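So this one's coords_11.csv, CSV, C-alpha atoms and all ligand atoms:
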chain,number,residue,atom,x,y,z
A,1,MET,CA,31.9,39.2,-31.1
A,2,ASP,CA,31.2,41.3,-28.1
A,3,SER,CA,28.9,39.0,-26.2
A,4,ASP,CA,30.2,40.2,-22.8
A,5,GLY,CA,29.5,43.8,-23.7
A,6,LYS,CA,33.1,45.0,-23.2
A,7,PHE,CA,32.8,47.4,-26.1
A,8,GLY,CA,29.7,49.0,-24.7
A,9,SER,CA,26.2,48.8,-25.8
A,10,PHE,CA,25.1,46.9,-28.9
A,11,GLN,CA,25.5,48.6,-32.2
A,12,ARG,CA,23.8,47.0,-35.2
A,13,ALA,CA,26.0,46.1,-38.1
A,14,GLY,CA,23.4,46.6,-40.8
A,15,PHE,CA,19.7,47.4,-41.3
A,16,PHE,CA,17.5,44.5,-40.4
A,17,GLY,CA,14.1,46.1,-40.4
A,18,SER,CA,13.0,44.6,-43.6
A,19,ALA,CA,14.7,41.2,-43.2
A,20,PRO,CA,12.4,38.1,-43.1
A,21,LYS,CA,11.9,36.8,-39.6
A,22,GLU,CA,14.0,33.6,-40.1
A,23,GLU,CA,16.7,35.2,-42.2
A,24,PRO,CA,20.2,34.8,-40.7
A,25,ALA,CA,21.5,38.1,-39.4
A,26,PHE,CA,25.3,38.7,-39.0
A,27,LEU,CA,25.8,41.1,-36.1
A,28,ALA,CA,29.0,42.9,-35.1
A,29,ARG,CA,28.1,43.2,-31.4
A,30,LEU,CA,25.5,41.6,-29.2
A,31,PRO,CA,23.4,43.3,-26.6
A,32,ASN,CA,24.9,43.2,-23.1
A,33,GLY,CA,23.3,40.4,-21.3
A,34,SER,CA,20.6,39.8,-23.8
A,35,SER,CA,21.7,36.7,-25.5
A,36,ASP,CA,23.1,33.3,-24.7
A,37,CYS,CA,25.6,33.2,-27.6
A,38,SER,CA,28.5,30.9,-27.1
A,39,LEU,CA,30.8,28.9,-29.2
A,40,LYS,CA,29.1,26.4,-31.5
A,41,LYS,CA,25.6,27.4,-30.3
A,42,MET,CA,22.8,28.9,-32.3
A,43,CYS,CA,21.4,31.9,-30.6
A,44,LYS,CA,18.4,34.3,-30.8
A,45,ILE,CA,18.5,37.9,-29.9
A,46,ASN,CA,15.9,40.5,-29.5
A,47,CYS,CA,16.7,43.3,-31.9
A,48,PHE,CA,16.1,46.9,-30.8
A,49,SER,CA,13.0,46.0,-28.8
A,50,SER,CA,11.5,44.7,-32.0
A,51,PRO,CA,8.9,42.0,-31.7
A,52,PHE,CA,10.8,40.1,-34.3
A,53,LEU,CA,13.4,37.6,-33.2
A,54,PHE,CA,16.4,37.2,-35.5
A,55,ARG,CA,18.7,34.3,-35.7
A,56,CYS,CA,22.4,34.9,-35.9
A,57,ALA,CA,25.0,32.7,-37.5
A,58,GLN,CA,26.7,29.8,-35.7
A,59,ILE,CA,29.9,30.9,-34.0
A,60,TYR,CA,33.0,28.9,-34.9
A,61,ASN,CA,36.4,28.9,-33.4
A,62,VAL,CA,38.8,29.5,-36.4
A,63,PRO,CA,42.2,27.8,-35.8
A,64,GLU,CA,45.3,29.9,-36.6
A,65,LYS,CA,47.4,28.8,-39.6
A,66,GLN,CA,51.2,28.2,-39.6
A,67,VAL,CA,52.9,27.0,-42.8
A,68,ARG,CA,56.5,27.0,-44.0
A,69,ALA,CA,58.7,26.3,-47.0
A,70,ASP,CA,61.9,24.5,-46.1
A,71,VAL,CA,64.7,25.4,-48.6
A,72,ASN,CA,67.6,23.0,-49.2
A,73,MET,CA,68.9,23.5,-52.7
A,74,ASN,CA,72.1,24.7,-54.5
A,75,GLY,CA,73.7,25.1,-51.1
A,76,ILE,CA,71.0,27.4,-49.6
A,77,LYS,CA,69.5,26.1,-46.4
A,78,GLY,CA,66.7,27.6,-44.3
A,79,TYR,CA,63.0,28.4,-44.4
A,80,PHE,CA,60.2,30.8,-45.0
A,81,SER,CA,57.7,30.6,-42.2
A,82,PHE,CA,54.2,32.1,-42.4
A,83,HIS,CA,51.7,32.6,-39.6
A,84,GLN,CA,48.2,34.2,-39.6
A,85,ALA,CA,46.0,34.1,-36.5
A,86,SER,CA,42.7,34.4,-38.4
A,87,PRO,CA,41.5,35.5,-41.8
A,88,PHE,CA,41.2,39.0,-40.3
A,89,ASP,CA,44.7,39.3,-39.0
A,90,VAL,CA,48.0,40.3,-40.6
A,91,THR,CA,50.4,37.6,-41.7
A,92,GLU,CA,53.8,37.3,-40.1
A,93,LEU,CA,56.6,36.2,-42.4
A,94,SER,CA,59.9,35.0,-41.2
A,95,VAL,CA,62.8,34.4,-43.5
A,96,ASN,CA,65.8,32.5,-42.2
A,97,LEU,CA,68.4,31.5,-44.9
A,98,THR,CA,72.1,30.6,-44.8
A,99,ASN,CA,74.8,30.3,-47.4
A,100,LEU,CA,73.3,32.7,-49.9
A,101,GLN,CA,76.9,33.6,-51.0
A,102,ASN,CA,75.6,36.9,-52.5
A,103,LYS,CA,74.2,34.9,-55.3
A,104,VAL,CA,70.5,35.7,-55.0
A,105,ALA,CA,68.2,38.7,-54.7
A,106,TYR,CA,64.4,38.2,-55.2
A,107,TYR,CA,61.9,35.8,-53.7
A,108,HIS,CA,58.3,35.2,-54.5
A,109,VAL,CA,55.4,33.0,-53.9
A,110,HIS,CA,54.7,31.1,-57.1
A,111,ASN,CA,51.5,29.5,-58.2
A,112,PHE,CA,52.1,25.8,-57.7
A,113,PRO,CA,54.1,23.5,-55.4
A,114,VAL,CA,57.3,21.8,-56.4
A,115,ARG,CA,55.8,18.7,-58.1
A,116,SER,CA,58.6,17.4,-60.2
A,117,ARG,CA,62.2,16.7,-59.1
A,118,SER,CA,63.6,17.6,-62.6
A,119,SER,CA,63.8,21.3,-63.4
A,120,ARG,CA,62.2,21.9,-60.0
A,121,CYS,CA,61.8,25.7,-60.1
A,122,SER,CA,60.9,26.0,-63.8
A,123,ASN,CA,57.8,27.8,-65.1
A,124,ASN,CA,56.4,24.4,-66.2
A,125,ASN,CA,56.7,23.2,-62.6
A,126,VAL,CA,55.8,26.0,-60.2
A,127,GLY,CA,54.4,28.6,-62.7
A,128,ASP,CA,54.6,32.4,-62.4
A,129,HIS,CA,54.1,34.6,-59.4
A,130,TRP,CA,51.0,34.2,-57.3
A,131,ASN,CA,49.0,37.2,-58.4
A,132,PRO,CA,45.2,36.6,-57.7
A,133,PHE,CA,44.4,40.3,-58.2
A,134,ASN,CA,46.1,40.5,-61.6
A,135,ILE,CA,48.4,43.4,-60.7
A,136,ASN,CA,50.5,44.4,-63.7
A,137,ARG,CA,54.1,44.5,-62.6
A,138,SER,CA,55.1,45.9,-66.0
A,139,ASN,CA,53.0,49.0,-65.2
A,140,PRO,CA,55.2,52.1,-64.5
A,141,THR,CA,53.3,52.7,-61.4
A,142,TYR,CA,54.3,49.3,-59.9
A,143,PRO,CA,56.5,50.0,-56.8
A,144,LYS,CA,60.2,49.6,-57.5
A,145,VAL,CA,61.1,49.2,-53.8
A,146,PRO,CA,59.4,48.3,-50.5
A,147,GLY,CA,57.5,51.0,-48.8
A,148,SER,CA,54.2,51.2,-50.7
A,149,THR,CA,51.1,49.7,-49.2
A,150,HIS,CA,51.1,46.0,-49.8
A,151,ASP,CA,48.0,46.0,-52.0
A,152,MET,CA,50.1,47.8,-54.6
A,153,TYR,CA,52.2,44.6,-55.1
A,154,GLU,CA,51.5,41.2,-56.4
A,155,VAL,CA,50.5,39.0,-53.4
A,156,GLY,CA,53.5,36.7,-54.1
A,157,ASP,CA,56.1,39.5,-54.5
A,158,LEU,CA,57.7,39.0,-51.1
A,159,SER,CA,61.0,40.7,-51.9
A,160,GLY,CA,59.1,43.6,-53.5
A,161,LYS,CA,57.0,44.2,-50.4
A,162,HIS,CA,59.8,43.7,-47.9
A,163,VAL,CA,63.5,43.5,-48.8
A,164,THR,CA,65.7,41.7,-51.3
A,165,LEU,CA,68.5,39.2,-50.5
A,166,ALA,CA,71.0,41.1,-52.6
A,167,GLY,CA,74.5,41.2,-51.2
A,168,ARG,CA,73.7,38.9,-48.2
A,169,ASN,CA,75.1,35.6,-47.1
A,170,MET,CA,72.6,34.9,-44.4
A,171,VAL,CA,69.4,36.5,-43.2
A,172,ASP,CA,67.1,36.1,-40.2
A,173,MET,CA,64.3,38.6,-40.5
A,174,THR,CA,60.6,39.0,-39.8
A,175,PHE,CA,57.9,41.1,-41.5
A,176,LYS,CA,54.3,41.8,-41.2
A,177,ASP,CA,52.4,41.4,-44.5
A,178,PHE,CA,49.0,42.9,-45.0
A,179,SER,CA,48.3,41.1,-48.3
A,180,LEU,CA,49.5,37.5,-47.8
A,181,PRO,CA,46.5,35.3,-46.9
A,182,LEU,CA,46.8,31.8,-45.5
A,183,PHE,CA,43.0,31.4,-45.6
A,184,GLY,CA,40.4,31.4,-48.4
A,185,THR,CA,40.7,31.3,-52.2
A,186,ASN,CA,43.7,33.6,-52.4
A,187,SER,CA,45.7,31.6,-49.9
A,188,ILE,CA,49.4,30.9,-50.5
A,189,VAL,CA,49.2,27.5,-48.8
A,190,GLY,CA,50.1,24.6,-51.1
A,191,ARG,CA,52.1,26.9,-53.5
A,192,SER,CA,55.8,27.5,-53.4
A,193,VAL,CA,58.6,30.0,-52.8
A,194,VAL,CA,61.2,30.7,-55.5
A,195,ILE,CA,64.5,32.4,-54.8
A,196,HIS,CA,65.9,34.2,-57.9
A,197,GLN,CA,69.4,35.4,-58.9
A,198,PRO,CA,69.8,39.1,-59.4
A,199,ASP,CA,69.3,38.6,-63.2
A,200,GLY,CA,65.9,37.0,-62.5
A,201,LEU,CA,67.0,33.3,-63.1
A,202,ARG,CA,65.4,30.9,-60.7
A,203,TYR,CA,68.0,29.5,-58.2
A,204,ALA,CA,66.1,27.6,-55.5
A,205,CYS,CA,62.6,26.8,-54.5
A,206,ALA,CA,60.4,24.9,-52.0
A,207,SER,CA,56.8,24.1,-51.5
A,208,ILE,CA,54.7,25.8,-48.8
A,209,LYS,CA,53.4,23.1,-46.5
A,210,ALA,CA,51.7,22.8,-43.1
A,211,ASP,CA,54.1,23.4,-40.3
A,212,PHE,CA,53.7,20.2,-38.3
A,213,TRP,CA,56.7,20.8,-36.1
A,214,HIS,CA,55.3,24.1,-35.0
A,215,ARG,CA,51.8,22.6,-34.4
A,216,ASN,CA,53.1,19.6,-32.5
A,217,LYS,CA,55.3,21.9,-30.3
A,218,LYS,CA,52.2,24.0,-29.5
A,219,MET,CA,50.1,20.9,-28.7
A,220,SER,CA,52.8,19.6,-26.4
A,221,LEU,CA,53.0,23.0,-24.6
A,222,SER,CA,49.3,23.1,-24.1
A,223,SER,CA,48.9,19.5,-22.9
A,301,CU,CU,59.7,34.4,-58.6
structure tokens encoding of this file:
Amino acid sequence: MDSDGKFGSFQRAGFFGSAPKEEPAFLARLPNGSSDCSLKKMCKINCFSSPFLFRCAQIYNVPEKQVRADVNMNGIKGYFSFHQASPFDVTELSVNLTNLQNKVAYYHVHNFPVRSRSSRCSNNNVGDHWNPFNINRSNPTYPKVPGSTHDMYEVGDLSGKHVTLAGRNMVDMTFKDFSLPLFGTNSIVGRSVVIHQPDGLRYACASIKADFWHRNKKMSLSS
């Protein structure tokens, strides 16, 4: 919100002329100097010199999210780390894996966490790819390689959107992902990452959990 007017004069986000007097109004920008909006405070603004006063929504501070999947299976060690500053920001994905021994290629977010210790990465355990928009990967138009806009891929198709692990022994890489939410109903938090062999068989997996180490480090730096 532009409560300090740094983006210039107030522009209305929608048409409020017929809105009932007490209906909450969601505004993109606030008039310069005409409101007392601040965090966790209800505010009233005078809309376009109208005699009506509109209430705007309470303003919340949305904490950033940082989660990770720690992999330690079949000799592969490392992590997938995910960070999103807010629901409106791009997600940053870091992949740091060692001892791949050229044995694996694809990696995806799958539907469920690793719940059982037996047949950990099986379909019964972690399910299929996380694909909340029901994108059909059998469709001939599904991108074969990275480079298309991320909305063209399943949300969970990380190697499809970015790069595969084929022919690698270790990787340390970071990507921006425009379709990998950590907030809301399509969030990947609480699901899992599965690493596949080049033939598609599941080789290693790990649950996506809150990154307490990262959070504690940030808290200690800020205190
Ligand atoms: Cu998979």
* To do: May I ask you to write as a list in words all residues lying at most 6 Å from ligand CU 301 (chain A), with all atoms listed in the file counted?
  =>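 So the residues close to ligand CU 301 (chain A) are Tyr107, His108, His129 and Val194 of chain A.
If you look at CA of Val114 (chain A) and CA of Leu180 (chain A), they are 19.5 Å away from each other.
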Expressed in Å, the length from CA of Tyr106 (chain A) to CA of Phe178 (chain A) is 19.1 Å
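Residue nearest Phe82 (chain A) within the list A:Arg137, A:Arg202, A:Lys176, A:His162: A:Lys176 [criterion: smallest interatomic distance, all atoms listed in the file].
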inquiry  = Report, in Å with one decimal, the straight-line distance from CA of Pro87 (chain A) to CA of Asn134 (chain A).
reply    =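 Computed distance, CA of Pro87 (chain A) to CA of Asn134 (chain A), equals 20.9 Å.
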